[in-house]
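Undergrad: Below is a structure I'd like to ask you about.
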Amino acid sequence: MGWKVASGGKAAAPAAPGGDKLRFPPSSSAAAARSRMKLWLVRATTTVLLWTCVVQLTAVGDTWGPRVLKGWPSCLTPHDEEAAAAAARPRHPLVVDRAAALPLPPKRIYRNNGYLMVSCNGGLNQMRAAICDMVVIARYLNVTLVVPELDKTSFWNDPSEFQDIFDVEHFITSLRGEVRILRELPPRVKRRVELGMFHSMPPISWSDISYYQNQILPLIRKYKVLHLNRTDARLANNGLPMEIQKLRCRVNYASLRFTPQIEELGKRVIRILRQNGPFLVLHLRYEMDMLAFSGCTQGCSTEEAEELTRMRYAYPWWKEKVIDSDLKRKDGLCPLTPEETALVLRALDIDRSMQIYIAAGEIYGGKRRMAALTSAYPNVVRKETLLEPSDLMFFQNHSSQMAALDYLVSLESDIFVPTYDGNMAKVVEGHRRFMGYKKTVLLDRKLIVELVDRYTNGSLRWDEFSALIKVAHAKRMGSASKRMVIPDRPKEEDYFYANPQECLQDRDFLQTS
C-alpha cells in the first residue's frame with residue numbers, strides 16, 4: 001500500500017486491497033486538529049480547577065499550606081476526620097446517638113487567622129461560662145478554637161478532661177456554622193507549640209469585643225497560636241452587639257451538653273425524686289473551700305476557724321487573707337449557714353414534707369451543722385443517698401462531674417434556692433430563667449442575717465420574722481427583670497449568665513443556619 005500524488009500536488013488516499021481507494025472526508029485533518037485542541041483544553045481546565053481547589057483548601061483549611069505538601073494521607077477536613085474517628089469508636093451501651101436525627105449546620109467558611117488555645121480556671125460553672133465566652137471570641141476573630149482545657153490545679157484537683165464532662169462531638173458539630181473547633185492542634189502546628197513557638201497570656205477581665213479585635217487579634221496573627229491562660233469573666237456583661245450575646249446563649253443552652261452518661265444518671269436522680277412528689281434543690285454552699293476562701297466562720301468552733309484560716313493561707317491565689325468574719329456576714333457577703341437556711345425555708349412556708357435535695361459537696365461540720373435543717377425538714381436527700389455506690393463509682397474524686405449531676409437536678413427542681421451567689425447559683429439562675437422563669441429564690445443575705453439575729457435574741461417574734469422574710473422575697477423569685485448595669489464596676493453589676501435578657505424572648509438564635 002502506498003501514497004500516490006494526485007493532480008494538484010495533494011496526497012491521494014492509499015489504495016485499498018482489491019484496487020479500491022479508501023475515501024476520507026475532506027475535513028478529516030481539521031477534525032483531528034480540533035480533537036487535539038479539545039483534549040489540550042480539557043487538560044488545562046482540569047489543571048486550573050485542581051489548583052484552585054488546592055488554593056481554596058489552603059485558605060479555609062486548618063493548616064498553613066495544602067495537605068499534599070505535608071504528606072497527610074487524608075483528603076478529609078478535620079471535622080470529617082473526627083466524625084470518621086468517632087464512628088469507629090465503641091459506644092457506651094447506654095448512649096443514644098442523639099445527633100443522628102439532627103441535620104448538621106453547614107460549615108462557616110472563613111480565612112483562618114490562627115489558633116486559639118484556652119485553659120479554663122475555677123469550678124465547673126465558672127469554666128462553663130468561660131467556654132461560652134471563648135467560643136464567641138474565636139468566632140469574631142475568625143480563628144480556630146482548640147477544645148478548651150479544664151482546670152486541674154485548683155482546690156478541687158479534678159483530673160477531668162473536657163470530653164469527660166461535655167459531649168465534645170456535639171459541641172464541635174453544633175457550632176460548625178459559627179467557628180471551627182478542633183480536638184487538638186494539627187500535627188505541624190502542634191510541633192511549633194512544643195518548640196515554644198506560641199504566645200501565652202491572660203486577657204483583661206470584663207473586656208468588650210473591641211479589645212480582642214484590637215489587642216488580641218494582632219497577637220494571633222503574629223504568633224499564629226495564642227494561649228489564653230485565664231478565662232474567668234474575660235468578656236463584658238453589657239455593651240456588646242446583640243449577635244454576640246445571643247451566641248453566648250446558644251453555646252450555653254444548646255451546644256454545651258453533658259456527656260450521655262452524666263445526663264442519664266441525672267435523669268435517674270430526677271425520676272427518683274419525682275416519684276416522691278415535688279422537690280426543692282438547696283445549693284447549700286457551706287463546704288470547707290468556700291468558708292476558707294470567704295473567711296466566714298459563723299457557728300464554727302475555734303479549732304474549725306483556725307483550720308479554715310490555715311487553708312486560706314495555703315492557697316496563694318486566694319489573695320484576701322485577713323478577714324473579719326462578723327463584719328463580712330453583716331454585709332451579706334457570707335454564705336448562709338445551715339441553721340440560718342432552715343429558718344428562712346420555714347419562714348417562706350416551705351412544707352415540712354418537701355424533699356430537700358442538697359446540691360453541694362461535703363458540708364463542713366457534718367451532721368452537727370446539718371442538725372437544724374434535717375430536724376425542720378426530715379426529707380433531706382443527696383445524690384449519694386438516692387443512688388447506689390456503684391452508680392457513682394466513676395464519678396468519685398471528680399468534683400466537676402458530680403457538680404454536673406447537681407446542675408441537671410437543679411434545672412429540673414420545682415424550687416431552686418442558692419445560699420450564696422457563686423458561679424453555680426448564677427448560671428443555674430439564668431438557665432432556669434431561659435427555661436421559662438422557673439422559681440428561683442434569690443436570698444437577700446444582708447437582710448436575712450439582720451432578721452435572724454433579731455429573732456434569735458428575742459427582739460422579733462416568729463410571725464414578724466416570717467412576714468418580713470416573705471415581703472422581702474416576694475419579687476426575688478427569678479421572674480423577668482432587667483439586668484442591672486453599673487458602668488466601670490462590672491464586678492458589682494448583674495452577671496450576664498444570671499439574667500441573659502437578650503435571649504429570653506426570641507429563641508430563633510437556637511436554630512442552626
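Chains: A, B, ... in order of the C-alpha cells. Residues: from 1 per chain. Ligands: from 1, in order shown.
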I'd like the neighbourhood of Gln163 in chain A as JSON, numbers by chain, where a residue qualifies if any of its atoms comes within 12 Å (using only C-alpha atoms), though same-chain residues fewer than 3 positions away should be ignored.
TA: {"A": [147, 148, 149, 150, 159, 160, 166, 167, 168, 169, 170, 171, 172, 183, 256, 257, 258, 259, 260, 261, 262, 401]}
Undergrad: Go ahead and dump the residues you just picked, N, CA and C atoms, as a compact mmCIF listing (two decimals), in the first residue's frame.
TA:
```
# COMPACT_ATOMS: atom_id res chain seq x y z
N VAL A 147 -10.39 22.66 71.48
CA VAL A 147 -11.26 22.30 72.60
C VAL A 147 -10.60 22.73 73.91
N PRO A 148 -11.31 23.52 74.74
CA PRO A 148 -10.69 24.09 75.94
C PRO A 148 -10.15 23.03 76.92
N GLU A 149 -9.08 23.42 77.57
CA GLU A 149 -8.50 22.60 78.64
C GLU A 149 -9.14 23.02 79.96
N LEU A 150 -9.55 22.06 80.77
CA LEU A 150 -10.20 22.36 82.04
C LEU A 150 -9.17 22.46 83.17
N PRO A 159 -9.18 15.76 87.76
CA PRO A 159 -8.41 15.46 86.54
C PRO A 159 -9.27 15.38 85.28
N SER A 160 -10.56 15.67 85.37
CA SER A 160 -11.46 15.50 84.22
C SER A 160 -11.02 16.35 83.03
N PHE A 166 -18.39 17.11 79.03
CA PHE A 166 -19.25 17.61 77.96
C PHE A 166 -19.20 16.69 76.75
N ASP A 167 -20.28 16.68 76.01
CA ASP A 167 -20.37 15.93 74.76
C ASP A 167 -19.56 16.69 73.71
N VAL A 168 -18.32 16.28 73.53
CA VAL A 168 -17.39 17.04 72.70
C VAL A 168 -17.79 17.00 71.22
N GLU A 169 -18.32 15.88 70.74
CA GLU A 169 -18.73 15.80 69.34
C GLU A 169 -19.87 16.78 69.06
N HIS A 170 -20.84 16.81 69.97
CA HIS A 170 -21.96 17.74 69.79
C HIS A 170 -21.47 19.18 69.87
N PHE A 171 -20.56 19.46 70.76
CA PHE A 171 -20.01 20.81 70.92
C PHE A 171 -19.39 21.28 69.61
N ILE A 172 -18.60 20.43 68.99
CA ILE A 172 -17.90 20.80 67.75
C ILE A 172 -18.87 20.94 66.59
N ARG A 183 -10.27 19.16 68.17
CA ARG A 183 -9.94 18.47 69.43
C ARG A 183 -8.51 18.79 69.86
N LEU A 256 -23.35 23.29 74.78
CA LEU A 256 -22.67 22.68 75.94
C LEU A 256 -23.61 21.69 76.59
N ARG A 257 -23.52 20.47 76.15
CA ARG A 257 -24.36 19.40 76.64
C ARG A 257 -23.47 18.41 77.39
N PHE A 258 -23.93 17.93 78.53
CA PHE A 258 -23.13 16.97 79.28
C PHE A 258 -23.06 15.64 78.54
N THR A 259 -22.12 14.82 78.94
CA THR A 259 -21.98 13.52 78.29
C THR A 259 -23.25 12.70 78.49
N PRO A 260 -23.54 11.77 77.61
CA PRO A 260 -24.73 10.93 77.77
C PRO A 260 -24.76 10.20 79.11
N GLN A 261 -23.59 9.77 79.61
CA GLN A 261 -23.56 9.06 80.90
C GLN A 261 -24.01 9.97 82.04
N ILE A 262 -23.53 11.22 82.03
CA ILE A 262 -23.93 12.16 83.08
C ILE A 262 -25.41 12.50 82.96
N GLN A 401 -17.65 16.47 87.63
CA GLN A 401 -18.67 15.56 87.13
C GLN A 401 -19.81 15.43 88.15
```
Undergrad: Report as CSV: every residue of range 306-342 of chain A with an atom at most 10 Å from range 371-395 of chain A, its closest pair of atoms, and their distance in Å to one decimal, counting only C-alpha atoms, with rows sorted by chain and ascending residue number.
TA:
```
residue,atom,partner,partner_atom,distance
A:Thr337,CA,A:Leu373,CA,9.8
A:Pro338,CA,A:Leu373,CA,6.1
A:Glu339,CA,A:Ala372,CA,5.5
A:Glu340,CA,A:Leu373,CA,8.8
A:Thr341,CA,A:Leu373,CA,7.4
A:Ala342,CA,A:Leu373,CA,4.9
```
Undergrad: Any idea what's packed within 10 Å of Asp133 in chain A, counting only C-alpha atoms, ignoring anything in its chain fewer than 6 positions away? Could you give it as a PyMOL selection string?
TA: chain A and resi 127+139+231-236+244-245+247-249+251-252
Undergrad: Keeping only C-alpha atoms, write the selected residues as a CSV table (one decimal), in the first residue's frame.
TA:
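As written to disk, selection11.csv reads:
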```
chain,number,residue,atom,x,y,z
A,127,MET,CA,-15.5,27.2,83.3
A,139,ARG,CA,-15.9,33.4,66.2
A,231,THR,CA,-10.7,32.7,81.1
A,232,ASP,CA,-13.0,33.7,84.0
A,233,ALA,CA,-15.0,36.8,83.4
A,234,ARG,CA,-12.9,37.9,80.4
A,235,LEU,CA,-15.9,39.3,78.4
A,236,ALA,CA,-18.1,42.2,79.4
A,244,ILE,CA,-22.6,38.2,70.4
A,245,GLN,CA,-25.0,38.0,73.4
A,247,LEU,CA,-24.2,33.4,70.5
A,248,ARG,CA,-23.2,33.2,74.2
A,249,CYS,CA,-26.7,31.8,74.9
A,251,VAL,CA,-23.4,27.9,73.3
A,252,ASN,CA,-24.6,27.7,76.9
```
Undergrad: With only C-alpha atoms as the counted atoms, please give the residues lying no more than 7 Å from Glu502 in chain A, apart from itself and same-chain residues fewer than 2 positions off, as a PyMOL selection string.
TA: chain A and resi 245-246+500+504
Undergrad: List every residue of range 127-268 of chain A that DSSP, applied to the backbone of this structure, assigns to strand (DSSP E), and report them as an NGL selection string.
TA: :A and (144-146 or 181-182 or 199-201 or 225-228)
